[in-house]
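S.K.: Input entry-v1.csv, format and content: CSV, N, CA and C atoms.
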```csv
chain,number,residue,atom,x,y,z
A,21,MET,N,-25.1,16.3,10.0
A,21,MET,CA,-24.4,16.4,8.7
A,21,MET,C,-24.7,17.8,8.1
A,22,TYR,N,-23.6,18.4,7.6
A,22,TYR,CA,-23.7,19.7,6.9
A,22,TYR,C,-24.0,19.5,5.5
A,23,THR,N,-25.0,20.2,4.9
A,23,THR,CA,-25.4,20.1,3.5
A,23,THR,C,-25.3,21.4,2.8
A,24,ASP,N,-24.1,22.1,3.0
A,24,ASP,CA,-24.0,23.3,2.3
A,24,ASP,C,-23.8,23.2,0.8
A,25,SER,N,-23.2,22.1,0.3
A,25,SER,CA,-23.0,21.9,-1.1
A,25,SER,C,-22.6,20.5,-1.4
A,26,THR,N,-23.3,19.9,-2.3
A,26,THR,CA,-23.0,18.4,-2.6
A,26,THR,C,-22.7,18.3,-4.1
A,27,SER,N,-22.2,19.3,-4.7
A,27,SER,CA,-21.9,19.2,-6.1
A,27,SER,C,-20.7,18.2,-6.3
A,28,ALA,N,-20.6,17.5,-7.4
A,28,ALA,CA,-19.5,16.6,-7.6
A,28,ALA,C,-18.2,17.2,-7.6
A,29,ALA,N,-18.1,18.5,-7.9
A,29,ALA,CA,-16.8,19.1,-8.0
A,29,ALA,C,-16.1,19.3,-6.6
A,30,ASN,N,-16.9,19.2,-5.5
A,30,ASN,CA,-16.4,19.3,-4.2
A,30,ASN,C,-15.8,18.0,-3.6
A,31,TRP,N,-16.1,16.9,-4.2
A,31,TRP,CA,-15.7,15.6,-3.7
A,31,TRP,C,-14.5,15.1,-4.4
A,32,THR,N,-13.5,14.7,-3.7
A,32,THR,CA,-12.2,14.2,-4.3
A,32,THR,C,-11.9,12.8,-3.7
A,33,GLN,N,-11.4,11.9,-4.5
A,33,GLN,CA,-11.0,10.6,-3.9
A,33,GLN,C,-9.9,10.9,-2.9
A,34,VAL,N,-9.9,10.2,-1.8
A,34,VAL,CA,-8.9,10.4,-0.7
A,34,VAL,C,-7.5,10.3,-1.2
A,35,SER,N,-7.3,9.3,-2.1
A,35,SER,CA,-5.9,9.1,-2.6
A,35,SER,C,-5.4,10.3,-3.4
A,36,ASP,N,-6.3,10.9,-4.2
A,36,ASP,CA,-5.9,12.1,-4.9
A,36,ASP,C,-5.7,13.3,-4.0
A,37,PHE,N,-6.6,13.4,-3.0
A,37,PHE,CA,-6.5,14.5,-2.0
A,37,PHE,C,-5.2,14.4,-1.3
A,38,ILE,N,-4.8,13.2,-0.9
A,38,ILE,CA,-3.5,13.1,-0.2
A,38,ILE,C,-2.3,13.4,-1.1
A,39,ARG,N,-2.4,12.9,-2.3
A,39,ARG,CA,-1.3,13.1,-3.3
A,39,ARG,C,-1.1,14.6,-3.6
A,40,ARG,N,-2.2,15.4,-3.6
A,40,ARG,CA,-2.1,16.8,-3.8
A,40,ARG,C,-1.6,17.6,-2.6
A,41,GLY,N,-1.5,17.0,-1.4
A,41,GLY,CA,-1.0,17.6,-0.3
A,41,GLY,C,-1.9,18.7,0.3
A,42,LYS,N,-3.2,18.6,0.2
A,42,LYS,CA,-4.1,19.6,0.6
A,42,LYS,C,-4.5,19.5,2.1
A,43,SER,N,-4.3,18.3,2.7
A,43,SER,CA,-4.7,18.0,4.1
A,43,SER,C,-3.7,18.6,5.1
A,44,PRO,N,-4.2,19.3,6.1
A,44,PRO,CA,-3.4,19.9,7.1
A,44,PRO,C,-3.0,18.8,8.2
A,45,VAL,N,-3.5,17.6,8.1
A,45,VAL,CA,-3.2,16.5,9.0
A,45,VAL,C,-3.0,15.3,8.2
A,46,ASP,N,-2.4,14.2,8.8
A,46,ASP,CA,-2.3,12.9,8.2
A,46,ASP,C,-3.6,12.3,8.0
A,47,LEU,N,-4.2,12.4,6.8
A,47,LEU,CA,-5.5,12.0,6.5
A,47,LEU,C,-5.8,10.5,6.6
A,48,ARG,N,-4.8,9.7,6.3
A,48,ARG,CA,-4.9,8.3,6.5
A,48,ARG,C,-5.1,7.9,7.9
A,49,TRP,N,-4.3,8.6,8.8
A,49,TRP,CA,-4.4,8.3,10.2
A,49,TRP,C,-5.7,8.8,10.7
A,50,LEU,N,-6.2,10.0,10.3
A,50,LEU,CA,-7.4,10.5,10.8
A,50,LEU,C,-8.6,9.6,10.4
A,51,ILE,N,-8.6,9.2,9.2
A,51,ILE,CA,-9.7,8.3,8.7
A,51,ILE,C,-9.6,7.0,9.5
A,52,PHE,N,-8.5,6.4,9.7
A,52,PHE,CA,-8.4,5.2,10.5
A,52,PHE,C,-9.0,5.3,11.9
A,53,HIS,N,-8.7,6.4,12.5
A,53,HIS,CA,-9.2,6.6,13.9
A,53,HIS,C,-10.6,7.3,14.0
A,54,ARG,N,-11.0,8.0,13.0
A,54,ARG,CA,-12.3,8.8,13.2
A,54,ARG,C,-13.2,8.6,12.0
A,55,LYS,N,-13.1,7.5,11.3
A,55,LYS,CA,-13.9,7.2,10.1
A,55,LYS,C,-15.4,7.4,10.3
A,56,GLU,N,-15.9,6.7,11.3
A,56,GLU,CA,-17.3,6.7,11.5
A,56,GLU,C,-17.8,8.1,11.8
A,57,GLU,N,-17.1,8.9,12.6
A,57,GLU,CA,-17.5,10.3,12.9
A,57,GLU,C,-17.4,11.1,11.7
A,58,MET,N,-16.4,10.9,10.8
A,58,MET,CA,-16.3,11.7,9.6
A,58,MET,C,-17.4,11.4,8.6
A,59,LEU,N,-17.8,10.1,8.5
A,59,LEU,CA,-19.0,9.7,7.7
A,59,LEU,C,-20.3,10.3,8.2
A,60,LYS,N,-20.4,10.3,9.5
A,60,LYS,CA,-21.7,10.9,10.1
A,60,LYS,C,-21.7,12.4,10.0
A,61,PHE,N,-20.5,13.0,10.1
A,61,PHE,CA,-20.4,14.5,10.0
A,61,PHE,C,-20.7,14.9,8.5
A,62,GLY,N,-20.3,14.1,7.6
A,62,GLY,CA,-20.5,14.4,6.2
A,62,GLY,C,-19.3,14.9,5.4
A,63,CYS,N,-18.1,14.8,6.0
A,63,CYS,CA,-16.9,15.2,5.3
A,63,CYS,C,-16.3,14.1,4.5
A,64,LEU,N,-16.7,12.9,4.8
A,64,LEU,CA,-16.2,11.7,4.2
A,64,LEU,C,-17.4,10.9,3.6
A,65,LEU,N,-17.3,10.4,2.4
A,65,LEU,CA,-18.3,9.7,1.7
A,65,LEU,C,-17.8,8.4,1.2
A,66,LYS,N,-18.5,7.3,1.5
A,66,LYS,CA,-18.1,6.0,1.0
A,66,LYS,C,-19.0,5.6,-0.1
A,67,ILE,N,-18.4,5.3,-1.3
A,67,ILE,CA,-19.2,4.8,-2.4
A,67,ILE,C,-18.5,3.5,-2.8
A,68,GLY,N,-19.1,2.4,-2.5
A,68,GLY,CA,-18.5,1.1,-2.8
A,68,GLY,C,-17.2,1.0,-1.9
A,69,LYS,N,-16.1,0.8,-2.5
A,69,LYS,CA,-14.8,0.7,-1.8
A,69,LYS,C,-14.1,2.0,-1.8
A,70,ARG,N,-14.6,3.0,-2.5
A,70,ARG,CA,-14.0,4.3,-2.6
A,70,ARG,C,-14.4,5.2,-1.5
A,71,LEU,N,-13.4,6.0,-1.0
A,71,LEU,CA,-13.7,7.0,-0.1
A,71,LEU,C,-13.4,8.4,-0.7
A,72,LEU,N,-14.4,9.3,-0.6
A,72,LEU,CA,-14.3,10.6,-1.1
A,72,LEU,C,-14.3,11.6,0.0
A,73,ILE,N,-13.6,12.7,-0.1
A,73,ILE,CA,-13.4,13.7,0.9
A,73,ILE,C,-13.8,15.1,0.3
A,74,ASP,N,-14.3,15.9,1.1
A,74,ASP,CA,-14.6,17.3,0.7
A,74,ASP,C,-13.8,18.2,1.6
A,75,HIS,N,-12.9,19.0,1.0
A,75,HIS,CA,-12.0,19.8,1.8
A,75,HIS,C,-12.7,20.8,2.8
A,76,SER,N,-13.7,21.5,2.3
A,76,SER,CA,-14.3,22.5,3.2
A,76,SER,C,-15.0,21.8,4.3
A,77,ARG,N,-15.6,20.6,4.1
A,77,ARG,CA,-16.3,19.9,5.2
A,77,ARG,C,-15.2,19.3,6.1
A,78,LEU,N,-14.1,18.9,5.6
A,78,LEU,CA,-13.0,18.4,6.5
A,78,LEU,C,-12.6,19.5,7.4
A,79,MET,N,-12.4,20.7,6.9
A,79,MET,CA,-12.0,21.8,7.8
A,79,MET,C,-13.1,22.1,8.8
A,80,LEU,N,-14.4,22.0,8.5
A,80,LEU,CA,-15.5,22.2,9.4
A,80,LEU,C,-15.4,21.1,10.5
A,81,PHE,N,-15.1,19.8,10.1
A,81,PHE,CA,-15.0,18.7,11.0
A,81,PHE,C,-13.9,19.0,12.0
A,82,LEU,N,-12.7,19.4,11.5
A,82,LEU,CA,-11.6,19.7,12.4
A,82,LEU,C,-11.9,20.9,13.4
A,83,GLU,N,-12.7,21.9,12.9
A,83,GLU,CA,-13.1,23.0,13.8
A,83,GLU,C,-14.1,22.4,14.8
A,84,HIS,N,-15.0,21.5,14.4
A,84,HIS,CA,-16.0,20.9,15.3
A,84,HIS,C,-15.2,20.2,16.4
A,85,LEU,N,-14.2,19.4,16.1
A,85,LEU,CA,-13.4,18.7,17.1
A,85,LEU,C,-12.8,19.7,18.1
A,86,SER,N,-12.3,20.8,17.5
A,86,SER,CA,-11.7,21.8,18.3
A,86,SER,C,-12.7,22.5,19.3
A,87,ASP,N,-13.8,22.8,18.7
A,87,ASP,CA,-14.9,23.4,19.5
A,87,ASP,C,-15.4,22.5,20.7
A,88,ARG,N,-15.3,21.2,20.5
A,88,ARG,CA,-15.7,20.3,21.5
A,88,ARG,C,-14.5,20.0,22.5
A,89,GLY,N,-13.4,20.7,22.2
A,89,GLY,CA,-12.2,20.5,23.1
A,89,GLY,C,-11.5,19.2,22.9
A,90,GLU,N,-11.7,18.6,21.7
A,90,GLU,CA,-11.0,17.3,21.4
A,90,GLU,C,-9.9,17.6,20.5
A,91,SER,N,-8.9,16.7,20.6
A,91,SER,CA,-7.8,16.8,19.5
A,91,SER,C,-8.2,15.8,18.5
A,92,ILE,N,-7.4,15.7,17.4
A,92,ILE,CA,-7.7,14.7,16.4
A,92,ILE,C,-7.4,13.3,16.8
A,93,VAL,N,-6.7,13.2,18.0
A,93,VAL,CA,-6.4,11.9,18.6
A,93,VAL,C,-7.6,11.5,19.5
A,94,PRO,N,-8.3,10.4,19.1
A,94,PRO,CA,-9.4,9.9,20.0
A,94,PRO,C,-8.9,9.6,21.4
A,95,LYS,N,-9.8,9.7,22.4
A,95,LYS,CA,-9.4,9.5,23.7
A,95,LYS,C,-8.9,8.1,24.0
A,96,GLU,N,-9.4,7.1,23.3
A,96,GLU,CA,-8.9,5.7,23.5
A,96,GLU,C,-7.5,5.4,23.0
A,97,VAL,N,-7.0,6.3,22.1
A,97,VAL,CA,-5.7,6.2,21.5
A,97,VAL,C,-4.7,6.9,22.4
A,98,ALA,N,-5.1,8.1,22.9
A,98,ALA,CA,-4.2,9.0,23.6
A,98,ALA,C,-3.7,8.4,24.9
```
Would you mind writing the file's structure down as structure tokens?
M.R.:
Amino acid sequence: MYTDSTSAANWTQVSDFIRRGKSPVDLRWLIFHRKEEMLKFGCLLKIGKRLLIDHSRLMLFLEHLSDRGESIVPKEVA
């Protein structure tokens, strides 16, 4: 998990993040297929029923997938 910054200003509810159109990918799809990895990586945070996302950590997660030679589509789905 990357701990570069955990200030409250960096975390946004997933629904608000999607509504603002900040995500370069379909975030709902990505969370459905890679939720556990995203939680472990630290770009997704679950508090009760709410999911929070950090844009900079999401970009690092996508780079991490790319560095490992993976697409955003998990192997079992592809």
S.K.: I'd like the contact shell of region 71-85 of chain A - 6 Å cut-off, only C-alpha atoms, skipping same-chain residues fewer than 4 positions apart - returned as a PyMOL selection string.
M.R.: chain A and resi 30-34+63-66+90
S.K.: Could you please determine the separation between atom N of Leu50 (chain A) and atom C of Ile92 (chain A) in Å, to one decimal place?
M.R.: 7.4 Å
S.K.: Taking the backbone alone, and naming residues the way the document does, which bits of chain A are strand (DSSP E or B) by DSSP, as a ChimeraX atom specification?
M.R.: /A:31-33,64-67,70-74
S.K.: Run DSSP on the backbone of this structure and report the residues of region 25-62 of chain A it assigns to helix (DSSP H, G or I), as a PyMOL selection string.
M.R.: chain A and resi 28-30+34-40+47-61
S.K.: How far is it from CA of Pro44 (chain A) to atom C of Lys60 (chain A), in Å with one decimal?
M.R.: 20.0 Å
S.K.: Just the number, please: distance in Å from CA of Arg39 (chain A) to CA of Leu59 (chain A), one decimal.
M.R.: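 Spanning CA of Arg39 (chain A) to CA of Leu59 (chain A) is a straight-line distance of 21.1 Å.
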S.K.: Just so I have it separately, write region 40-69 of chain A from the block I sent, keeping N, CA and C atoms, as a tab-separated table (two decimals), in the first residue's frame.
M.R.:
```
chain	number	residue	atom	x	y	z
A	40	ARG	N	-18.22	13.27	-11.74
A	40	ARG	CA	-17.34	14.35	-12.21
A	40	ARG	C	-16.57	13.97	-13.47
A	41	GLY	N	-16.59	12.70	-13.82
A	41	GLY	CA	-15.94	12.26	-15.05
A	41	GLY	C	-14.41	12.28	-14.99
A	42	LYS	N	-13.84	12.07	-13.80
A	42	LYS	CA	-12.39	12.12	-13.64
A	42	LYS	C	-11.69	10.82	-14.03
A	43	SER	N	-12.41	9.73	-14.04
A	43	SER	CA	-11.78	8.43	-14.25
A	43	SER	C	-11.50	8.16	-15.72
A	44	PRO	N	-10.29	7.70	-16.04
A	44	PRO	CA	-9.95	7.37	-17.43
A	44	PRO	C	-10.51	6.01	-17.87
A	45	VAL	N	-11.08	5.27	-16.93
A	45	VAL	CA	-11.67	3.96	-17.22
A	45	VAL	C	-13.06	3.91	-16.62
A	46	ASP	N	-13.82	2.87	-16.97
A	46	ASP	CA	-15.13	2.67	-16.35
A	46	ASP	C	-14.89	2.19	-14.92
A	47	LEU	N	-15.01	3.09	-13.97
A	47	LEU	CA	-14.64	2.80	-12.59
A	47	LEU	C	-15.53	1.73	-11.97
A	48	ARG	N	-16.81	1.73	-12.27
A	48	ARG	CA	-17.68	0.69	-11.72
A	48	ARG	C	-17.23	-0.69	-12.17
A	49	TRP	N	-16.88	-0.80	-13.44
A	49	TRP	CA	-16.41	-2.08	-13.98
A	49	TRP	C	-15.10	-2.48	-13.32
A	50	LEU	N	-14.19	-1.53	-13.17
A	50	LEU	CA	-12.89	-1.81	-12.57
A	50	LEU	C	-13.06	-2.26	-11.13
A	51	ILE	N	-13.90	-1.60	-10.37
A	51	ILE	CA	-14.14	-1.98	-8.98
A	51	ILE	C	-14.77	-3.36	-8.91
A	52	PHE	N	-15.72	-3.66	-9.79
A	52	PHE	CA	-16.37	-4.97	-9.79
A	52	PHE	C	-15.35	-6.09	-9.98
A	53	HIS	N	-14.40	-5.88	-10.89
A	53	HIS	CA	-13.44	-6.94	-11.23
A	53	HIS	C	-12.15	-6.91	-10.41
A	54	ARG	N	-11.79	-5.77	-9.85
A	54	ARG	CA	-10.49	-5.66	-9.17
A	54	ARG	C	-10.59	-5.02	-7.79
A	55	LYS	N	-11.74	-5.14	-7.16
A	55	LYS	CA	-11.97	-4.48	-5.87
A	55	LYS	C	-10.95	-4.88	-4.81
A	56	GLU	N	-10.72	-6.18	-4.63
A	56	GLU	CA	-9.79	-6.63	-3.60
A	56	GLU	C	-8.37	-6.11	-3.84
A	57	GLU	N	-7.93	-6.14	-5.09
A	57	GLU	CA	-6.60	-5.62	-5.42
A	57	GLU	C	-6.52	-4.12	-5.14
A	58	MET	N	-7.59	-3.39	-5.48
A	58	MET	CA	-7.61	-1.95	-5.27
A	58	MET	C	-7.59	-1.61	-3.78
A	59	LEU	N	-8.32	-2.38	-2.97
A	59	LEU	CA	-8.31	-2.17	-1.53
A	59	LEU	C	-6.92	-2.45	-0.96
A	60	LYS	N	-6.31	-3.54	-1.41
A	60	LYS	CA	-4.97	-3.90	-0.92
A	60	LYS	C	-3.92	-2.87	-1.36
A	61	PHE	N	-4.06	-2.37	-2.58
A	61	PHE	CA	-3.11	-1.39	-3.10
A	61	PHE	C	-3.25	-0.05	-2.39
A	62	GLY	N	-4.46	0.30	-1.96
A	62	GLY	CA	-4.69	1.54	-1.23
A	62	GLY	C	-5.32	2.66	-2.03
A	63	CYS	N	-5.81	2.36	-3.24
A	63	CYS	CA	-6.47	3.41	-4.01
A	63	CYS	C	-7.97	3.43	-3.76
A	64	LEU	N	-8.47	2.39	-3.11
A	64	LEU	CA	-9.89	2.27	-2.78
A	64	LEU	C	-9.99	2.04	-1.28
A	65	LEU	N	-10.94	2.71	-0.64
A	65	LEU	CA	-11.12	2.61	0.80
A	65	LEU	C	-12.58	2.34	1.07
A	66	LYS	N	-12.85	1.35	1.91
A	66	LYS	CA	-14.24	1.03	2.24
A	66	LYS	C	-14.49	1.42	3.69
A	67	ILE	N	-15.48	2.29	3.87
A	67	ILE	CA	-15.90	2.71	5.21
A	67	ILE	C	-17.39	2.41	5.31
A	68	GLY	N	-17.73	1.39	6.05
A	68	GLY	CA	-19.12	0.94	6.09
A	68	GLY	C	-19.53	0.46	4.72
A	69	LYS	N	-20.58	1.03	4.19
A	69	LYS	CA	-21.04	0.68	2.85
A	69	LYS	C	-20.46	1.60	1.78
```
